[in-house]
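Undergrad: Next comes the structure file my_file.pdb, holding PDB, C-alpha atoms, pLDDT in the B column.
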```pdb
ATOM      1  CA  MET A 540     -43.048 -43.417 -33.153  1.00 53.00           C
ATOM      2  CA  PRO A 541     -41.918 -45.065 -29.912  1.00 58.00           C
ATOM      3  CA  ARG A 542     -39.344 -43.312 -27.789  1.00 68.00           C
ATOM      4  CA  LEU A 543     -36.143 -44.950 -26.718  1.00 69.00           C
ATOM      5  CA  ALA A 544     -35.901 -46.071 -23.131  1.00 72.00           C
ATOM      6  CA  PRO A 545     -33.314 -44.205 -21.046  1.00 76.00           C
ATOM      7  CA  THR A 546     -29.927 -45.788 -20.634  1.00 75.00           C
ATOM      8  CA  PRO A 547     -30.120 -48.146 -17.657  1.00 77.00           C
ATOM      9  CA  LEU A 548     -28.007 -47.458 -14.607  1.00 84.00           C
ATOM     10  CA  GLN A 549     -26.356 -50.260 -12.719  1.00 87.00           C
ATOM     11  CA  LEU A 550     -24.956 -49.070  -9.418  1.00 90.00           C
ATOM     12  CA  THR A 551     -22.651 -51.080  -7.245  1.00 91.00           C
ATOM     13  CA  GLU A 552     -23.747 -51.831  -3.700  1.00 94.00           C
ATOM     14  CA  SER A 553     -21.124 -49.388  -2.425  1.00 93.00           C
ATOM     15  CA  GLU A 554     -22.456 -46.591  -4.657  1.00 93.00           C
ATOM     16  CA  ARG A 555     -26.036 -47.270  -3.512  1.00 94.00           C
ATOM     17  CA  GLU A 556     -24.972 -47.080   0.137  1.00 95.00           C
ATOM     18  CA  GLN A 557     -23.028 -43.849  -0.399  1.00 94.00           C
ATOM     19  CA  LEU A 558     -25.943 -42.228  -2.241  1.00 94.00           C
ATOM     20  CA  GLN A 559     -28.385 -43.293   0.480  1.00 95.00           C
ATOM     21  CA  GLN A 560     -26.038 -41.899   3.156  1.00 95.00           C
ATOM     22  CA  LEU A 561     -25.923 -38.577   1.302  1.00 93.00           C
ATOM     23  CA  ILE A 562     -29.714 -38.444   1.219  1.00 94.00           C
ATOM     24  CA  ASN A 563     -30.053 -39.324   4.918  1.00 95.00           C
ATOM     25  CA  ARG A 564     -27.334 -36.971   6.151  1.00 93.00           C
ATOM     26  CA  HIS A 565     -28.743 -33.703   7.519  1.00 93.00           C
ATOM     27  CA  SER A 566     -25.689 -31.703   6.480  1.00 93.00           C
ATOM     28  CA  THR A 567     -25.947 -32.624   2.785  1.00 90.00           C
ATOM     29  CA  ALA A 568     -26.969 -29.753   0.519  1.00 93.00           C
ATOM     30  CA  GLN A 569     -30.503 -30.241  -0.802  1.00 94.00           C
ATOM     31  CA  GLN A 570     -29.420 -30.092  -4.443  1.00 94.00           C
ATOM     32  CA  ILE A 571     -26.908 -32.906  -3.853  1.00 94.00           C
ATOM     33  CA  ALA A 572     -29.540 -34.985  -2.023  1.00 95.00           C
ATOM     34  CA  LEU A 573     -31.992 -34.448  -4.892  1.00 96.00           C
ATOM     35  CA  ARG A 574     -29.402 -35.544  -7.448  1.00 95.00           C
ATOM     36  CA  ALA A 575     -28.627 -38.631  -5.356  1.00 95.00           C
ATOM     37  CA  SER A 576     -32.361 -39.447  -5.316  1.00 96.00           C
ATOM     38  CA  ILE A 577     -32.489 -39.127  -9.114  1.00 96.00           C
ATOM     39  CA  ILE A 578     -29.633 -41.603  -9.472  1.00 95.00           C
ATOM     40  CA  LEU A 579     -31.146 -44.088  -7.000  1.00 95.00           C
ATOM     41  CA  LEU A 580     -34.526 -43.983  -8.770  1.00 94.00           C
ATOM     42  CA  SER A 581     -32.767 -44.420 -12.122  1.00 93.00           C
ATOM     43  CA  ASP A 582     -31.056 -47.492 -10.699  1.00 93.00           C
ATOM     44  CA  LYS A 583     -34.479 -48.927  -9.781  1.00 92.00           C
ATOM     45  CA  GLY A 584     -35.434 -48.756 -13.461  1.00 90.00           C
ATOM     46  CA  LEU A 585     -37.720 -45.709 -13.447  1.00 91.00           C
ATOM     47  CA  ASN A 586     -37.763 -43.607 -16.618  1.00 91.00           C
ATOM     48  CA  HIS A 587     -37.350 -39.819 -16.755  1.00 92.00           C
ATOM     49  CA  ARG A 588     -41.086 -39.093 -16.547  1.00 93.00           C
ATOM     50  CA  GLU A 589     -41.581 -41.314 -13.495  1.00 94.00           C
ATOM     51  CA  ILE A 590     -38.573 -39.802 -11.728  1.00 94.00           C
ATOM     52  CA  ALA A 591     -39.832 -36.298 -12.527  1.00 94.00           C
ATOM     53  CA  ARG A 592     -43.263 -37.085 -11.051  1.00 95.00           C
ATOM     54  CA  GLU A 593     -41.822 -38.784  -7.975  1.00 94.00           C
ATOM     55  CA  LEU A 594     -39.423 -35.930  -7.116  1.00 94.00           C
ATOM     56  CA  ASN A 595     -41.493 -33.045  -8.512  1.00 95.00           C
ATOM     57  CA  ILE A 596     -38.788 -31.963 -10.971  1.00 96.00           C
ATOM     58  CA  SER A 597     -38.608 -31.579 -14.743  1.00 95.00           C
ATOM     59  CA  ARG A 598     -37.868 -34.507 -17.044  1.00 93.00           C
ATOM     60  CA  ASP A 599     -34.919 -32.526 -18.380  1.00 95.00           C
ATOM     61  CA  MET A 600     -33.345 -32.439 -14.929  1.00 95.00           C
ATOM     62  CA  ALA A 601     -33.814 -36.185 -14.490  1.00 94.00           C
ATOM     63  CA  ARG A 602     -32.299 -36.781 -17.938  1.00 93.00           C
ATOM     64  CA  LEU A 603     -29.398 -34.394 -17.284  1.00 94.00           C
ATOM     65  CA  TRP A 604     -28.293 -36.074 -14.048  1.00 94.00           C
ATOM     66  CA  ARG A 605     -28.733 -39.623 -15.345  1.00 93.00           C
ATOM     67  CA  ASN A 606     -26.591 -38.785 -18.396  1.00 92.00           C
ATOM     68  CA  ARG A 607     -24.033 -36.894 -16.329  1.00 92.00           C
ATOM     69  CA  TRP A 608     -23.776 -39.816 -13.889  1.00 92.00           C
ATOM     70  CA  LEU A 609     -23.183 -42.220 -16.772  1.00 90.00           C
ATOM     71  CA  ALA A 610     -20.523 -39.958 -18.306  1.00 89.00           C
ATOM     72  CA  LEU A 611     -18.697 -39.429 -15.010  1.00 89.00           C
ATOM     73  CA  SER A 612     -18.932 -43.103 -14.008  1.00 85.00           C
ATOM     74  CA  GLU A 613     -16.497 -43.909 -16.795  1.00 83.00           C
ATOM     75  CA  LYS A 614     -13.949 -41.575 -15.176  1.00 85.00           C
ATOM     76  CA  GLU A 615     -14.278 -43.458 -11.874  1.00 81.00           C
ATOM     77  CA  LEU A 616     -14.782 -40.314  -9.784  1.00 85.00           C
ATOM     78  CA  PRO A 617     -15.992 -40.575  -6.176  1.00 90.00           C
ATOM     79  CA  VAL A 618     -19.776 -40.541  -5.747  1.00 90.00           C
ATOM     80  CA  VAL A 619     -19.961 -37.038  -4.262  1.00 91.00           C
ATOM     81  CA  GLU A 620     -17.855 -35.522  -7.048  1.00 91.00           C
ATOM     82  CA  ARG A 621     -20.220 -36.952  -9.660  1.00 91.00           C
ATOM     83  CA  LEU A 622     -23.110 -35.002  -8.105  1.00 92.00           C
ATOM     84  CA  VAL A 623     -21.390 -31.605  -7.979  1.00 92.00           C
ATOM     85  CA  ASP A 624     -22.097 -28.878 -10.535  1.00 89.00           C
ATOM     86  CA  ALA A 625     -19.818 -28.724 -13.543  1.00 83.00           C
ATOM     87  CA  PRO A 626     -17.286 -25.881 -13.419  1.00 81.00           C
ATOM     88  CA  ARG A 627     -18.441 -22.699 -15.092  1.00 80.00           C
ATOM     89  CA  VAL A 628     -16.397 -20.800 -17.597  1.00 81.00           C
ATOM     90  CA  GLY A 629     -17.053 -17.173 -16.645  1.00 80.00           C
ATOM     91  CA  GLY A 630     -16.032 -14.150 -18.642  1.00 80.00           C
ATOM     92  CA  PRO A 631     -12.560 -13.532 -19.997  1.00 82.00           C
ATOM     93  CA  MET A 632     -10.141 -11.458 -17.950  1.00 83.00           C
ATOM     94  CA  THR A 633     -10.371  -7.768 -18.790  1.00 88.00           C
ATOM     95  CA  PHE A 634      -6.844  -6.908 -17.685  1.00 91.00           C
ATOM     96  CA  SER A 635      -3.696  -8.957 -17.975  1.00 92.00           C
ATOM     97  CA  LEU A 636      -1.678  -9.931 -14.935  1.00 92.00           C
ATOM     98  CA  GLU A 637       1.093  -7.596 -16.110  1.00 94.00           C
ATOM     99  CA  GLN A 638      -1.300  -4.628 -16.201  1.00 94.00           C
ATOM    100  CA  ILE A 639      -2.585  -5.413 -12.715  1.00 93.00           C
ATOM    101  CA  LEU A 640       0.967  -5.698 -11.379  1.00 93.00           C
ATOM    102  CA  GLN A 641       1.889  -2.344 -12.928  1.00 94.00           C
ATOM    103  CA  LEU A 642      -1.164  -0.773 -11.303  1.00 93.00           C
ATOM    104  CA  LEU A 643      -0.202  -2.239  -7.915  1.00 91.00           C
ATOM    105  CA  ALA A 644       3.396  -1.068  -8.362  1.00 91.00           C
ATOM    106  CA  ILE A 645       2.198   2.498  -8.917  1.00 92.00           C
ATOM    107  CA  ALA A 646      -0.045   2.176  -5.848  1.00 90.00           C
ATOM    108  CA  CYS A 647       3.035   1.318  -3.769  1.00 88.00           C
ATOM    109  CA  GLU A 648       4.851   4.489  -4.830  1.00 89.00           C
ATOM    110  CA  LYS A 649       4.206   8.019  -3.635  1.00 89.00           C
ATOM    111  CA  PRO A 650       1.832  10.109  -5.754  1.00 91.00           C
ATOM    112  CA  GLU A 651       4.324  13.006  -5.732  1.00 90.00           C
ATOM    113  CA  ALA A 652       6.604  10.889  -7.958  1.00 90.00           C
ATOM    114  CA  TYR A 653       3.919  11.150 -10.646  1.00 91.00           C
ATOM    115  CA  GLY A 654       3.282  14.850 -10.217  1.00 91.00           C
ATOM    116  CA  ARG A 655       0.136  14.390  -8.167  1.00 90.00           C
ATOM    117  CA  PRO A 656      -0.302  16.960  -5.375  1.00 91.00           C
ATOM    118  CA  ILE A 657      -1.863  14.453  -2.966  1.00 90.00           C
ATOM    119  CA  SER A 658      -0.544  12.693   0.114  1.00 87.00           C
ATOM    120  CA  HIS A 659      -1.776   9.196  -0.780  1.00 88.00           C
ATOM    121  CA  TRP A 660      -3.443   7.370  -3.656  1.00 91.00           C
ATOM    122  CA  THR A 661      -7.194   7.104  -3.927  1.00 91.00           C
ATOM    123  CA  ALA A 662      -8.869   4.668  -6.286  1.00 93.00           C
ATOM    124  CA  ARG A 663      -9.978   7.555  -8.520  1.00 95.00           C
ATOM    125  CA  GLU A 664      -6.490   9.117  -8.699  1.00 94.00           C
ATOM    126  CA  LEU A 665      -4.878   5.732  -9.309  1.00 94.00           C
ATOM    127  CA  ALA A 666      -7.338   4.885 -12.101  1.00 95.00           C
ATOM    128  CA  SER A 667      -6.643   8.247 -13.709  1.00 95.00           C
ATOM    129  CA  GLU A 668      -2.860   7.760 -13.472  1.00 95.00           C
ATOM    130  CA  VAL A 669      -2.939   4.235 -14.917  1.00 95.00           C
ATOM    131  CA  VAL A 670      -4.920   5.482 -17.924  1.00 96.00           C
ATOM    132  CA  LYS A 671      -2.594   8.495 -18.276  1.00 94.00           C
ATOM    133  CA  GLN A 672       0.458   6.177 -18.247  1.00 92.00           C
ATOM    134  CA  GLY A 673      -1.122   4.093 -21.032  1.00 94.00           C
ATOM    135  CA  ILE A 674      -1.135   0.898 -18.986  1.00 94.00           C
ATOM    136  CA  VAL A 675      -4.861   0.371 -19.673  1.00 94.00           C
ATOM    137  CA  GLU A 676      -7.326   2.098 -21.990  1.00 94.00           C
ATOM    138  CA  SER A 677      -9.893   2.613 -19.265  1.00 94.00           C
ATOM    139  CA  ILE A 678     -10.608   1.338 -15.773  1.00 95.00           C
ATOM    140  CA  SER A 679     -13.170   2.373 -13.209  1.00 95.00           C
ATOM    141  CA  PRO A 680     -12.137   3.613  -9.771  1.00 95.00           C
ATOM    142  CA  ARG A 681     -14.318   0.906  -8.288  1.00 96.00           C
ATOM    143  CA  HIS A 682     -12.393  -1.825 -10.127  1.00 95.00           C
ATOM    144  CA  VAL A 683      -9.104  -0.291  -8.973  1.00 94.00           C
ATOM    145  CA  GLY A 684     -10.455  -0.386  -5.423  1.00 93.00           C
ATOM    146  CA  ARG A 685     -11.374  -4.065  -5.776  1.00 93.00           C
ATOM    147  CA  LEU A 686      -7.927  -4.925  -7.146  1.00 93.00           C
ATOM    148  CA  MET A 687      -6.237  -3.109  -4.272  1.00 90.00           C
ATOM    149  CA  ASN A 688      -8.551  -4.843  -1.820  1.00 91.00           C
ATOM    150  CA  GLU A 689      -7.684  -8.267  -3.269  1.00 90.00           C
ATOM    151  CA  ALA A 690      -3.979  -7.433  -2.970  1.00 87.00           C
ATOM    152  CA  ASP A 691      -4.594  -6.139   0.575  1.00 86.00           C
ATOM    153  CA  LEU A 692      -3.023  -2.794  -0.361  1.00 82.00           C
ATOM    154  CA  LYS A 693      -3.942   0.265   1.674  1.00 80.00           C
ATOM    155  CA  PRO A 694      -1.876   3.191   0.387  1.00 73.00           C
ATOM    156  CA  HIS A 695      -3.504   5.585   2.840  1.00 68.00           C
ATOM    157  CA  GLN A 696      -2.041   3.519   5.713  1.00 67.00           C
ATOM    158  CA  SER A 697       1.403   2.829   4.292  1.00 56.00           C
ATOM    159  CA  GLN A 698       3.407   5.703   5.764  1.00 53.00           C
ATOM    160  CA  TYR A 699       4.669   5.280   9.327  1.00 48.00           C
ATOM    161  CA  TRP A 700       2.837   2.061   9.804  1.00 47.00           C
ATOM    162  CA  LEU A 701       5.606   0.140  11.547  1.00 50.00           C
ATOM    163  CA  ASN A 702       7.633   2.953  13.067  1.00 54.00           C
ATOM    164  CA  PRO A 703       5.957   6.287  13.721  1.00 55.00           C
ATOM    165  CA  PRO A 704       8.165   9.341  13.342  1.00 57.00           C
ATOM    166  CA  PRO A 705       9.718  10.614  16.559  1.00 61.00           C
ATOM    167  CA  THR A 706       7.754  13.478  18.046  1.00 63.00           C
ATOM    168  CA  LEU A 707       8.872  16.267  20.289  1.00 57.00           C
ATOM    169  CA  ASN A 708       7.087  14.689  23.268  1.00 57.00           C
ATOM    170  CA  SER A 709       8.797  11.324  22.884  1.00 51.00           C
ATOM    171  CA  THR A 710      12.265  12.930  22.834  1.00 51.00           C
ATOM    172  CA  ARG A 711      11.445  14.901  25.983  1.00 51.00           C
ATOM    173  CA  ARG A 712      10.354  11.748  27.748  1.00 51.00           C
ATOM    174  CA  SER A 713      13.594  10.014  26.969  1.00 49.00           C
ATOM    175  CA  LYS A 714      15.630  12.986  28.291  1.00 50.00           C
ATOM    176  CA  THR A 715      13.633  13.165  31.504  1.00 49.00           C
ATOM    177  CA  SER A 716      13.916   9.443  32.042  1.00 47.00           C
ATOM    178  CA  VAL A 717      17.699   9.680  31.645  1.00 50.00           C
ATOM    179  CA  LYS A 718      17.931  12.432  34.287  1.00 49.00           C
ATOM    180  CA  SER A 719      15.937  10.502  36.850  1.00 47.00           C
ATOM    181  CA  THR A 720      18.206   7.442  36.761  1.00 47.00           C
TER     182      THR A 720
END
```
Before anything else, please render the file you have as structure tokens.
TA:
Amino acid sequence: MPRLAPTPLQLTESEREQLQQLINRHSTAQQIALRASIILLSDKGLNHREIARELNISRDMARLWRNRWLALSEKELPVVERLVDAPRVGGPMTFSLEQILQLLAIACEKPEAYGRPISHWTARELASEVVKQGIVESISPRHVGRLMNEADLKPHQSQYWLNPPPTLNSTRRSKTSVKST
């Protein structure tokens, strides 16, 4: 049974020039340059097998980028955007934004307010307190540390950061400086 020929590509002169510029540019990522080559060879009328041999890639890759180019051409996206990877879904969020905000709010308060006999929060203590409060079922200290890092929170540096407490030496200096004037 004969196979169907791949859908022909018909590039505009502007698209051909832009693709060729991408290939020739030294700063273009190699994967983008390879995809541009696939599209240019498809425009010349080569089938998937011929493109795969020419560029030393799989037929599936040649087919994928020809079909993706055709699909994205209908949306009239710029040439470079048609050659970029599709966005990836990723895993679902484990914690809601409200839970994260509650965790960060606790991190901004003193541990003594929660009956903890420590001077500042650690990731382990904070994870334990958030579970104890019922905000989350479980959370690792490492994840708490990452969340605090993303929020740029450093509870161990919060006290006296802007204005250090007056010390005995600083009050003496001010008295001696008053006497000398």
Undergrad: For Ser677 of chain A, work out the shell of residues within 9 Å, counting only C-alpha atoms and skipping chain neighbours fewer than 4 positions away, then give it as a list of chain:residue names.
TA: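 Once the nearby chain positions are removed, what remains is A:Ala666, A:Ser667, A:Val669, A:Val670.
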Undergrad: Nearest to Glu689 of chain A among A:Ile639, A:Ala644, A:Met600, A:Leu579, with distances taken over all atoms listed in the file: which residue is it?
TA: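 So, comparing all the options, the nearest one is A:Ile639.
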Undergrad: Going by the chain IDs and residue numbers used in this file, which residues fall under the PyMOL selection byres ((chain A and resi 594) around 12)? Write them as an mmCIF file with C-alpha atoms, keeping the file's coordinate frame.
TA:
```cif
data_model
loop_
_atom_site.group_PDB
_atom_site.id
_atom_site.type_symbol
_atom_site.label_atom_id
_atom_site.label_comp_id
_atom_site.auth_asym_id
_atom_site.auth_seq_id
_atom_site.Cartn_x
_atom_site.Cartn_y
_atom_site.Cartn_z
ATOM 1 C CA GLN A 570 -29.420 -30.092 -4.443
ATOM 2 C CA ALA A 572 -29.540 -34.985 -2.023
ATOM 3 C CA LEU A 573 -31.992 -34.448 -4.892
ATOM 4 C CA ARG A 574 -29.402 -35.544 -7.448
ATOM 5 C CA ALA A 575 -28.627 -38.631 -5.356
ATOM 6 C CA SER A 576 -32.361 -39.447 -5.316
ATOM 7 C CA ILE A 577 -32.489 -39.127 -9.114
ATOM 8 C CA ILE A 578 -29.633 -41.603 -9.472
ATOM 9 C CA LEU A 579 -31.146 -44.088 -7.000
ATOM 10 C CA LEU A 580 -34.526 -43.983 -8.770
ATOM 11 C CA SER A 581 -32.767 -44.420 -12.122
ATOM 12 C CA LEU A 585 -37.720 -45.709 -13.447
ATOM 13 C CA HIS A 587 -37.350 -39.819 -16.755
ATOM 14 C CA ARG A 588 -41.086 -39.093 -16.547
ATOM 15 C CA GLU A 589 -41.581 -41.314 -13.495
ATOM 16 C CA ILE A 590 -38.573 -39.802 -11.728
ATOM 17 C CA ALA A 591 -39.832 -36.298 -12.527
ATOM 18 C CA ARG A 592 -43.263 -37.085 -11.051
ATOM 19 C CA GLU A 593 -41.822 -38.784 -7.975
ATOM 20 C CA ASN A 595 -41.493 -33.045 -8.512
ATOM 21 C CA ILE A 596 -38.788 -31.963 -10.971
ATOM 22 C CA SER A 597 -38.608 -31.579 -14.743
ATOM 23 C CA ARG A 598 -37.868 -34.507 -17.044
ATOM 24 C CA MET A 600 -33.345 -32.439 -14.929
ATOM 25 C CA ALA A 601 -33.814 -36.185 -14.490
#
```
Undergrad: On this file, the PyMOL selection byres ((chain A and resi 678) around 12) gives some set of residues; write that set as a VMD selection string.
TA: chain A and resid 633 to 634 638 to 639 642 662 to 671 673 to 677 679 to 686
Undergrad: Could the residues in this selection be written to a file with C-alpha atoms, as a PDB file, keeping the file's coordinate frame?
TA:
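Full text of result29.pdb as output:
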```pdb
ATOM      1  CA  THR A 633     -10.371  -7.768 -18.790  1.00 88.00           C
ATOM      2  CA  PHE A 634      -6.844  -6.908 -17.685  1.00 91.00           C
ATOM      3  CA  GLN A 638      -1.300  -4.628 -16.201  1.00 94.00           C
ATOM      4  CA  ILE A 639      -2.585  -5.413 -12.715  1.00 93.00           C
ATOM      5  CA  LEU A 642      -1.164  -0.773 -11.303  1.00 93.00           C
ATOM      6  CA  ALA A 662      -8.869   4.668  -6.286  1.00 93.00           C
ATOM      7  CA  ARG A 663      -9.978   7.555  -8.520  1.00 95.00           C
ATOM      8  CA  GLU A 664      -6.490   9.117  -8.699  1.00 94.00           C
ATOM      9  CA  LEU A 665      -4.878   5.732  -9.309  1.00 94.00           C
ATOM     10  CA  ALA A 666      -7.338   4.885 -12.101  1.00 95.00           C
ATOM     11  CA  SER A 667      -6.643   8.247 -13.709  1.00 95.00           C
ATOM     12  CA  GLU A 668      -2.860   7.760 -13.472  1.00 95.00           C
ATOM     13  CA  VAL A 669      -2.939   4.235 -14.917  1.00 95.00           C
ATOM     14  CA  VAL A 670      -4.920   5.482 -17.924  1.00 96.00           C
ATOM     15  CA  LYS A 671      -2.594   8.495 -18.276  1.00 94.00           C
ATOM     16  CA  GLY A 673      -1.122   4.093 -21.032  1.00 94.00           C
ATOM     17  CA  ILE A 674      -1.135   0.898 -18.986  1.00 94.00           C
ATOM     18  CA  VAL A 675      -4.861   0.371 -19.673  1.00 94.00           C
ATOM     19  CA  GLU A 676      -7.326   2.098 -21.990  1.00 94.00           C
ATOM     20  CA  SER A 677      -9.893   2.613 -19.265  1.00 94.00           C
ATOM     21  CA  SER A 679     -13.170   2.373 -13.209  1.00 95.00           C
ATOM     22  CA  PRO A 680     -12.137   3.613  -9.771  1.00 95.00           C
ATOM     23  CA  ARG A 681     -14.318   0.906  -8.288  1.00 96.00           C
ATOM     24  CA  HIS A 682     -12.393  -1.825 -10.127  1.00 95.00           C
ATOM     25  CA  VAL A 683      -9.104  -0.291  -8.973  1.00 94.00           C
ATOM     26  CA  GLY A 684     -10.455  -0.386  -5.423  1.00 93.00           C
ATOM     27  CA  ARG A 685     -11.374  -4.065  -5.776  1.00 93.00           C
ATOM     28  CA  LEU A 686      -7.927  -4.925  -7.146  1.00 93.00           C
TER      29      LEU A 686
END
```
Undergrad: Assuming the chain letters and numbering stay as they are in my file, what does the PyMOL selection byres ((chain A and resi 621) around 8) actually select? List them as a count of residues only.
TA: 11
Undergrad: What is the atom CA of Trp660 of chain A to atom CA of Lys693 of chain A distance in Å?
TA: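 According to the coordinates, atom CA of Trp660 of chain A and atom CA of Lys693 of chain A are separated by 8.9 Å.
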Undergrad: Just to confirm, what's the straight-line distance from atom CA of Leu548 of chain A to atom CA of Val628 of chain A in Å (one decimal)?
TA: 29.2 Å
Undergrad: Find, counting all atoms listed in the file, the residue in A:Ala568, A:Asp582, A:Gly630, A:Ile645 that gets nearest to Arg555 of chain A.
TA: A:Asp582
Undergrad: Take atom CA of Glu554 of chain A and atom CA of Gly584 of chain A and report the distance between them in Å, one decimal.
TA: 15.8 Å
Undergrad: Kindly compute an axis-aligned box around the listed atoms of segment 543-561 of chain A, allowing 6 Å on each side, and express its centre and edge lengths in Å to one decimal as lines of an AutoDock Vina configuration file.
TA:
```
center_x = -28.6
center_y = -45.2
center_z = -11.8
size_x = 27.0
size_y = 25.3
size_z = 41.9
```
